[in-house]
Every structure is written in C-alpha cells, then in structure tokens.
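K.L.:
So here's my_file_8.tsv, just TSV, C-alpha atoms and all ligand atoms:
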```tsv
chain	number	residue	atom	x	y	z
X	189	MET	CA	139.31	100.46	87.77
X	190	ARG	CA	142.79	99.57	89.00
X	191	PHE	CA	143.87	96.06	88.06
X	192	GLU	CA	144.23	95.10	91.77
X	193	ASP	CA	140.54	95.95	92.21
X	194	TRP	CA	139.51	94.21	89.00
X	195	GLU	CA	141.56	91.05	89.53
X	196	PRO	CA	139.28	89.30	92.10
X	197	HIS	CA	136.33	89.68	89.71
X	198	TYR	CA	138.47	88.47	86.82
X	199	ALA	CA	139.58	85.43	88.83
X	200	ALA	CA	135.93	84.63	89.61
X	201	ILE	CA	135.04	84.93	85.89
X	202	LEU	CA	137.91	82.61	84.90
X	203	GLU	CA	136.67	80.07	87.41
X	204	TYR	CA	132.98	80.42	86.43
X	205	PHE	CA	133.58	79.89	82.69
X	206	GLY	CA	136.72	77.72	82.91
X	207	PHE	CA	138.70	80.27	80.86
X	208	ASP	CA	142.49	80.14	80.86
X	209	ARG	CA	144.37	83.19	82.18
X	210	GLU	CA	147.54	82.33	80.24
X	211	ALA	CA	145.58	82.20	76.99
X	212	ASP	CA	144.18	85.68	77.78
X	213	GLU	CA	147.73	86.91	78.42
X	214	ASP	CA	149.01	85.37	75.17
X	215	ALA	CA	146.15	87.07	73.31
X	216	ALA	CA	147.00	90.45	74.88
X	217	ARG	CA	150.64	90.12	73.79
X	218	LEU	CA	149.54	89.15	70.27
X	219	LEU	CA	147.19	92.14	70.10
X	220	ALA	CA	150.02	94.47	71.18
X	221	GLU	CA	152.12	93.05	68.36
X	222	LEU	CA	149.32	93.36	65.79
X	223	ALA	CA	148.63	96.93	66.90
X	224	GLY	CA	152.28	97.69	66.16
X	225	GLY	CA	152.44	100.71	68.46
X	226	ARG	CA	149.00	102.13	67.52
X	227	ASP	CA	147.23	103.32	70.67
X	228	ASP	CA	144.47	105.91	70.20
X	229	ILE	CA	143.39	106.09	73.83
X	230	GLY	CA	143.68	109.90	73.60
X	231	VAL	CA	141.09	109.98	70.80
X	232	LEU	CA	138.71	107.81	72.84
X	233	GLU	CA	139.24	109.90	75.96
X	234	LYS	CA	138.44	113.08	74.06
X	235	LEU	CA	135.13	111.57	72.91
X	236	VAL	CA	134.18	110.64	76.46
X	237	ARG	CA	135.65	112.97	79.11
X	238	GLY	CA	133.06	115.40	80.40
X	239	LYS	CA	130.52	114.29	77.77
X	240	SER	CA	127.13	112.61	77.79
X	241	VAL	CA	127.72	109.10	76.51
X	242	THR	CA	125.27	106.49	75.29
X	243	VAL	CA	126.35	102.86	75.38
X	244	CYS	CA	124.40	100.64	72.97
X	245	GLY	CA	124.14	96.92	73.67
X	246	ASN	CA	122.81	94.52	71.09
X	247	ALA	CA	119.66	93.25	72.80
X	248	PRO	CA	116.62	92.90	70.52
X	249	ASN	CA	115.12	96.09	72.00
X	250	LEU	CA	118.00	98.29	70.72
X	251	ALA	CA	116.26	99.52	67.57
X	252	LYS	CA	113.23	100.70	69.59
X	253	GLU	CA	115.44	102.67	71.98
X	254	LEU	CA	117.53	104.61	69.47
X	255	ASP	CA	115.57	107.80	70.17
X	256	ARG	CA	117.21	107.86	73.63
X	257	ILE	CA	120.70	108.33	72.14
X	258	GLU	CA	122.48	111.43	73.35
X	259	GLY	CA	126.06	112.60	72.97
X	260	THR	CA	128.92	110.24	72.21
X	261	VAL	CA	127.77	106.85	70.93
X	262	LEU	CA	129.62	103.71	72.02
X	263	ALA	CA	128.44	100.50	70.33
X	264	ALA	CA	128.95	97.04	71.75
X	265	ASP	CA	130.06	94.76	68.93
X	266	ALA	CA	127.16	93.85	66.59
X	267	ALA	CA	125.09	96.77	67.94
X	268	ALA	CA	127.24	98.79	65.51
X	269	GLU	CA	125.51	97.10	62.62
X	270	VAL	CA	122.05	98.00	63.97
X	271	LEU	CA	123.16	101.62	64.40
X	272	VAL	CA	124.56	101.80	60.87
X	273	GLY	CA	121.31	100.27	59.59
X	274	HIS	CA	119.52	103.28	61.14
X	275	GLY	CA	121.96	105.82	59.72
X	276	ILE	CA	123.94	106.32	62.94
X	277	GLN	CA	127.76	106.12	62.90
X	278	PRO	CA	129.04	105.07	66.34
X	279	ASP	CA	131.95	107.10	67.72
X	280	ALA	CA	133.55	103.90	69.03
X	281	VAL	CA	132.90	100.17	68.82
X	282	PHE	CA	133.85	97.88	71.70
X	283	THR	CA	134.41	94.44	70.26
X	284	ASP	CA	135.98	91.07	70.82
X	285	LEU	CA	135.39	90.70	67.07
X	286	ASP	CA	132.96	87.80	67.23
X	287	GLY	CA	130.31	90.06	65.69
X	288	ALA	CA	132.73	91.69	63.22
X	289	THR	CA	131.78	92.18	59.58
X	290	ASP	CA	133.20	94.33	56.79
X	291	ILE	CA	131.06	97.16	58.22
X	292	PHE	CA	133.74	97.44	60.93
X	293	ILE	CA	136.33	98.17	58.24
X	294	ASP	CA	134.13	100.91	56.73
X	295	LEU	CA	133.50	102.44	60.17
X	296	SER	CA	137.20	102.32	60.97
X	297	ARG	CA	138.01	104.04	57.67
X	298	GLN	CA	135.48	106.76	58.57
X	299	GLY	CA	137.19	107.38	61.93
X	300	THR	CA	135.19	105.29	64.39
X	301	VAL	CA	137.51	104.21	67.20
X	302	MET	CA	137.73	100.41	67.30
X	303	VAL	CA	138.27	99.24	70.87
X	304	VAL	CA	139.45	95.70	70.25
X	305	HIS	CA	139.45	93.21	73.11
X	306	ALA	CA	141.89	90.29	73.23
X	307	HIS	CA	141.01	87.07	75.05
X	308	GLY	CA	142.03	83.45	74.90
X	309	ASP	CA	139.21	82.49	72.57
X	310	ASN	CA	139.53	85.13	69.86
X	311	ILE	CA	143.14	84.79	68.71
X	312	PRO	CA	142.27	83.82	65.08
X	313	LEU	CA	139.82	86.76	64.93
X	314	LEU	CA	142.52	89.16	66.13
X	315	ARG	CA	144.88	87.92	63.45
X	316	HIS	CA	142.20	88.29	60.78
X	317	TRP	CA	140.66	91.67	61.65
X	318	VAL	CA	143.24	93.88	63.35
X	319	PRO	CA	145.47	94.29	60.26
X	320	ARG	CA	142.35	95.20	58.24
X	321	LEU	CA	141.30	98.11	60.49
X	322	PRO	CA	142.87	101.29	59.07
X	323	GLY	CA	141.54	103.81	61.62
X	324	PRO	CA	141.92	104.65	65.31
X	325	LEU	CA	142.56	101.64	67.50
X	326	VAL	CA	142.50	101.00	71.24
X	327	ALA	CA	143.55	97.56	72.48
X	328	THR	CA	142.09	96.01	75.63
X	329	THR	CA	142.57	92.93	77.78
X	330	GLN	CA	140.74	91.43	80.75
X	331	ALA	CA	144.09	90.22	82.14
X	332	ALA	CA	146.87	92.45	83.48
X	333	PRO	CA	147.40	95.49	81.24
X	334	ILE	CA	150.64	95.65	79.26
X	335	PRO	CA	152.11	98.56	77.27
X	336	GLY	CA	149.56	99.60	74.64
X	337	VAL	CA	146.87	97.20	75.91
X	338	HIS	CA	144.42	98.69	78.44
X	339	ASN	CA	142.15	97.20	81.05
X	340	PHE	CA	139.25	99.44	82.11
X	341	GLY	CA	137.46	96.53	83.82
X	342	GLY	CA	134.34	94.81	82.56
X	343	PHE	CA	133.77	91.58	80.69
X	344	THR	CA	131.27	91.53	77.82
X	345	ASP	CA	131.56	94.11	75.04
X	346	GLY	CA	128.64	96.08	76.47
X	347	ASP	CA	129.64	96.30	80.10
X	348	ARG	CA	133.27	96.95	79.08
X	349	ALA	CA	132.09	100.00	77.16
X	350	VAL	CA	130.32	101.26	80.31
X	351	PHE	CA	133.43	100.62	82.43
X	352	ALA	CA	135.58	102.50	79.90
X	353	ALA	CA	133.19	105.46	79.77
X	354	ASP	CA	133.16	105.56	83.56
X	355	GLU	CA	136.95	105.34	83.84
X	356	LEU	CA	137.53	107.93	81.11
X	357	GLY	CA	135.36	110.49	82.90
X	358	ALA	CA	132.00	110.58	81.10
X	359	ALA	CA	129.69	113.21	82.62
X	360	GLU	CA	126.66	110.95	82.17
X	361	ILE	CA	126.24	107.41	80.85
X	362	ARG	CA	122.98	106.27	79.28
X	363	ILE	CA	122.63	102.55	78.57
X	364	ILE	CA	120.28	101.29	75.85
X	365	GLY	CA	119.86	97.95	74.09
X	366	PHE	CA	120.52	95.90	77.19
X	367	ASP	CA	118.23	93.02	78.24
X	368	LEU	CA	120.25	91.06	80.74
X	369	ALA	CA	117.32	88.76	81.53
X	370	ASP	CA	116.97	87.75	77.86
X	371	ARG	CA	116.04	84.02	77.84
X	372	ASP	CA	116.31	83.79	74.06
X	373	VAL	CA	120.07	83.18	74.16
X	374	ASP	CA	122.29	80.11	74.57
X	375	PRO	CA	123.54	79.07	78.05
X	376	LEU	CA	127.03	80.57	77.54
X	377	LYS	CA	125.56	83.92	76.54
X	378	ARG	CA	123.14	83.75	79.49
X	379	GLY	CA	126.16	83.34	81.79
X	380	LYS	CA	127.87	86.29	80.13
X	381	LEU	CA	124.79	88.50	80.56
X	382	TYR	CA	124.60	87.46	84.22
X	383	TRP	CA	128.20	88.63	84.68
X	384	ALA	CA	127.56	91.84	82.75
X	385	GLY	CA	124.78	92.68	85.22
X	386	ARG	CA	126.86	91.76	88.23
X	387	LEU	CA	129.79	93.90	87.10
X	388	LEU	CA	127.64	96.88	86.15
X	389	ARG	CA	126.08	96.86	89.63
X	390	LEU	CA	129.61	97.19	91.05
X	391	ILE	CA	129.93	100.61	89.42
X	392	GLY	CA	126.41	101.74	90.18
X	393	TYR	CA	124.31	100.61	87.21
X	394	ASP	CA	121.49	98.28	88.20
X	395	LEU	CA	119.85	97.19	84.94
U	401	LIG	N1	119.94	90.50	75.38
U	401	LIG	C1	121.15	90.76	74.90
U	401	LIG	N2	121.64	90.05	73.87
U	401	LIG	C2	122.86	90.34	73.36
U	401	LIG	N3	123.67	91.29	73.84
U	401	LIG	C3	123.25	92.01	74.88
U	401	LIG	C4	121.97	91.77	75.44
U	401	LIG	N4	121.81	92.63	76.46
U	401	LIG	C5	122.93	93.35	76.50
U	401	LIG	N5	123.81	92.98	75.57
U	401	LIG	C6	125.15	93.56	75.39
U	401	LIG	O1	125.39	93.76	74.01
U	401	LIG	C7	126.72	93.36	73.70
U	401	LIG	C8	126.91	93.09	72.23
U	401	LIG	O2	126.07	92.06	71.83
U	401	LIG	P1	126.46	91.02	70.68
U	401	LIG	O3	125.19	90.40	70.23
U	401	LIG	O4	127.31	91.65	69.68
U	401	LIG	O5	127.14	89.97	71.57
U	401	LIG	P2	128.49	89.22	71.52
U	401	LIG	O6	129.35	89.62	70.40
U	401	LIG	O7	128.14	87.78	71.72
U	401	LIG	O8	129.03	89.87	72.84
U	401	LIG	P3	130.05	89.25	73.80
U	401	LIG	O9	131.08	88.63	72.92
U	401	LIG	O10	130.53	90.41	74.58
U	401	LIG	O11	129.21	88.29	74.60
U	401	LIG	C9	126.97	92.18	74.64
U	401	LIG	O12	128.34	92.07	74.87
U	401	LIG	C10	126.23	92.60	75.90
U	401	LIG	O13	127.08	93.36	76.74
U	402	LIG	N1	138.52	83.70	77.32
U	402	LIG	C1	137.40	84.34	76.98
U	402	LIG	N2	137.21	85.60	77.40
U	402	LIG	C2	136.10	86.27	77.05
U	402	LIG	C3	135.11	85.66	76.26
U	402	LIG	C4	135.32	84.32	75.85
U	402	LIG	O1	134.48	83.72	75.15
U	402	LIG	N3	136.47	83.69	76.22
U	402	LIG	N4	133.99	86.37	75.91
U	402	LIG	C5	133.85	87.60	76.30
U	402	LIG	C6	132.66	88.38	75.96
U	402	LIG	O2	131.80	87.67	75.25
U	402	LIG	C7	134.84	88.34	77.07
U	402	LIG	N5	135.95	87.55	77.43
```
Take the structure in this file and express it as structure tokens.
Ligand SMILES: Nc1ncnc2c1ncn2[C@@H]1O[C@H](COP(=O)(O)OP(=O)(O)OP(=O)(O)O)[C@@H](O)[C@H]1O
Ligand SMILES: Nc1nc2c(c(=O)[nH]1)N=C(CO)CN2
P.N.:
Amino acid sequence: MRFEDWEPHYAAILEYFGFDREADEDAARLLAELAGGRDDIGVLEKLVRGKSVTVCGNAPNLAKELDRIEGTVLAADAAAEVLVGHGIQPDAVFTDLDGATDIFIDLSRQGTVMVVHAHGDNIPLLRHWVPRLPGPLVATTQAAPIPGVHNFGGFTDGDRAVFAADELGAAEIRIIGFDLADRDVDPLKRGKLYWAGRLLRLIGYDL
C-alpha cells in the first residue's frame, strides 16, 4: 500500500490510541541506525512472491489450526514460539518485539527473516534485541518509510504480516490463529484486534 493511501488510516490509529507520530518517526530512524544498512527485503520477497503463504496469529486457537499450514510460514510475534513448540520453523517473524524471547535469536541464526517493527513505544526493545539478531532483517515502520525502513501498511504484528504478503505478491494467503473477537484480552489489546480486523477488511480479508 502506498504511504498516501495508508496515511489516513495511520492518522485515525494515532488519534484512537493517542500515539505520538513523532515518537514513531524517532523509532524508525533509530531502527535504521541499529540495522546499520542491513535490509533483507529481497529474501522476504523471494519467500512470498507467487507462493502460498500462511500467516499465523497468536490467538489461543493457533495450535489447533496448525494442520492448515501451507507454503511459506509467516509468524506474528509470539506465534513463533507456538510454532517452534510444534517443530515448525517460521520463514519470517513479524514482530514489534514485545513477545521476543531468546527463541528469536535462535530462529534468526537459523535463517528466519526477522521483520522488526519500530514504533514510539518499543524503543528500549529495539535497542536490546536488534543488535542480538544475527540473521536476515527487514525493518518496518507505521509512519512514513525512510531508506531501509519499509511500510507495507497494517498495524498489529498479525495484520502487518498479511499486508506484507499481499504487497509482496503472495499467490494465496491463508490466515490461522486469529480470533479478533477474543474477549479474554485487556482493553488495549481489544482495541488493537478491532483495528486489525478493520484494516484486514480493507484488503479483502473479513475474519
Ligand atoms: N486473539 C488474539 N490474541 C492475540 N493475538 C491475536 C489474536 N488474534 C489475532 N492475533 C494476532 O496475533 C498477533 C501476535 O500476537 P501476540 O500475542 O504476540 O501479540 P502482541 O505481541 O501483543 O501483538 P501486537 O504487539 O501486535 O499487539 C497479534 O499482533 C494479532 O495480529
Ligand atoms: N506507538 C505504538 N505503535 C504501535 C503499538 C504501540 O503499542 N504503540 N502497538 C502495535 C501493535 O501492537 C503497533 N504499533
């Protein structure tokens, strides 16, 4: 999605949650610095273009839906841990790092593409984790893209993975481990899941 098309949705998200655009922009610049010129968008594109892709969210139903996985596996944040627990190595992990554990370092070492998202509320996490990820790295922002930091559209780790797969030309996108009506989450998360659903509908996925 072009940034001009994304920006009205982004502005509405900033307003809804009271997030600060300048903090998002600062985080994107920091992530570019921490990435130090690493940008493995070509590796991610190769995994996705023309392929069947399965995006795995981290709803409680994920484990029961693993038999629906086909093709390239994109994990949203802590869904990676569930996959690894079932012997599945995701091809890429979309993460704002709030579900990061040392498993991310192992996956990165084994070649999983880490698609790390910068925003105004994860600056300490960026500083901690990005230098520890030895493997392929793609940096993302929800603000205006800058050199080496992409914006495919989308907000939560899960819907951002779907937006990226869509933008990078997946032949088919299967979505598992999503329960956007989950009531067993805190109010902030409920708001985020509401936005995930709203954004996914924009690109044709009504969950
Ligand atoms: N019921 C659900 N609970 C949690 N995550 C869900 C659910 N349904 C879908 N998801 C997707 O799974 C992703 C990864 O979930 P995780 O539990 O790691 O959340 P998170 O790290 O808090 O995500 P985010 O920071 O994007 O909100 C979410 O970003 C969301 O897109
Ligand atoms: N500023 C800010 N941006 C975000 C946040 C967040 O908590 N703060 N959470 C996200 C997905 O959970 C995505 N983007």
K.L.:
I need the residue nearest Ser240 (chain X) from this list: X:Arg256, X:Arg315, X:Arg190, X:Arg362. Use only C-alpha atoms for the distance.
P.N.:
X:Arg362
K.L.:
Please, which residues have at least one atom within 8 Å of an atom of ligand LIG 401 (chain U), using only C-alpha atoms and all ligand atoms, listed as an MDAnalysis selection string?
P.N.:
chainID X and resid 244:248 263:267 283:287 343:348 365:373 377 380:381 384
K.L.:
Quick one: contact table of region 295-360 of chain X to region 218-224 of chain X, 12 Å max, nearest atom pair and distance in Å to one decimal per residue, counting only C-alpha atoms, chain and number order, as a tab-separated table?
P.N.:
```
residue	atom	partner	partner_atom	distance
X:Met302	CA	X:Ala223	CA	11.4
X:Val303	CA	X:Ala223	CA	11.3
X:Val304	CA	X:Leu219	CA	8.5
X:His305	CA	X:Leu219	CA	8.4
X:Ala306	CA	X:Leu219	CA	6.4
X:His307	CA	X:Leu219	CA	9.4
X:Gly308	CA	X:Leu218	CA	10.5
X:Asn310	CA	X:Leu219	CA	10.4
X:Ile311	CA	X:Leu218	CA	7.9
X:Pro312	CA	X:Leu218	CA	10.4
X:Leu313	CA	X:Leu219	CA	10.5
X:Leu314	CA	X:Leu219	CA	6.8
X:Arg315	CA	X:Leu222	CA	7.4
X:His316	CA	X:Leu222	CA	10.1
X:Trp317	CA	X:Leu222	CA	9.7
X:Val318	CA	X:Leu222	CA	6.6
X:Pro319	CA	X:Leu222	CA	6.8
X:Arg320	CA	X:Leu222	CA	10.4
X:Leu321	CA	X:Ala223	CA	9.8
X:Pro322	CA	X:Ala223	CA	10.7
X:Gly323	CA	X:Ala223	CA	11.2
X:Pro324	CA	X:Ala223	CA	10.4
X:Leu325	CA	X:Ala223	CA	7.7
X:Val326	CA	X:Ala223	CA	8.5
X:Ala327	CA	X:Leu219	CA	6.9
X:Thr328	CA	X:Leu219	CA	8.5
X:Thr329	CA	X:Leu219	CA	9.0
X:Pro333	CA	X:Ala220	CA	10.4
X:Ile334	CA	X:Ala220	CA	8.2
X:Pro335	CA	X:Ala220	CA	7.6
X:Gly336	CA	X:Ala220	CA	6.2
X:Val337	CA	X:Ala220	CA	6.3
X:His338	CA	X:Ala220	CA	10.1
```
K.L.:
Which residue, X:Asp193, X:Ala352, X:Val261, X:Phe205, has the smallest gap to Pro375 (chain X) when you use all atoms listed in the file?
P.N.:
X:Phe205
K.L.:
Please compute the CA of Glu213 (chain X)-atom C7 of ligand LIG 402 (chain U) distance, one decimal, in Å.
P.N.:
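Atom C7 of ligand LIG 402 (chain U) lies 13.0 Å from CA of Glu213 (chain X).
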K.L.:
Excluding Ala200 (chain X) and its own-chain neighbours fewer than 6 positions away, which residues fall within 12 Å of it when counting only C-alpha atoms? Please give them as a ChimeraX atom specification.
P.N.:
/X:194,206-209,343,383,386-387
K.L.:
Have a look at CA of Tyr198 (chain X) and CA of Tyr393 (chain X) and let me know their distance in Å, one decimal.
P.N.:
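Distance reported for this atom pair: 18.7 Å.
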K.L.:
Using CA of Ile293 (chain X) and CA of Gly357 (chain X) as the two end points, give the distance in Å to one decimal.
P.N.:
27.6 Å
K.L.:
Taking into account only C-alpha atoms, which residue in the set X:Ile291, X:Leu262, X:Val270, X:Tyr382 is nearest to Leu235 (chain X)?
P.N.:
X:Leu262
K.L.:
Restricting the calculation to all atoms listed in the file, which member of X:Asn249, X:Thr260, X:Ser296, X:Thr289 is positioned closest to Ala349 (chain X)?
P.N.:
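Checking each candidate against Ala349 (chain X), we get X:Thr260 as the closest.
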K.L.:
Give, as AutoDock Vina command-line options, the centre coordinates and the x, y and z edge lengths in Å to one decimal for an axis-aligned box around all listed atoms of ligand LIG 402 (chain U), padded by 6 Å on each side.
P.N.:
```
--center_x 135.2 --center_y 86.0 --center_z 76.3 --size_x 18.7 --size_y 16.7 --size_z 14.3
```
K.L.:
When you count only C-alpha atoms and all ligand atoms, which of these residues is closest to ligand LIG 402 (chain U): X:Val272, X:Ala288, X:Leu388, X:Leu376?
P.N.:
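Closest to ligand LIG 402 (chain U), using only C-alpha atoms and all ligand atoms: X:Leu376.
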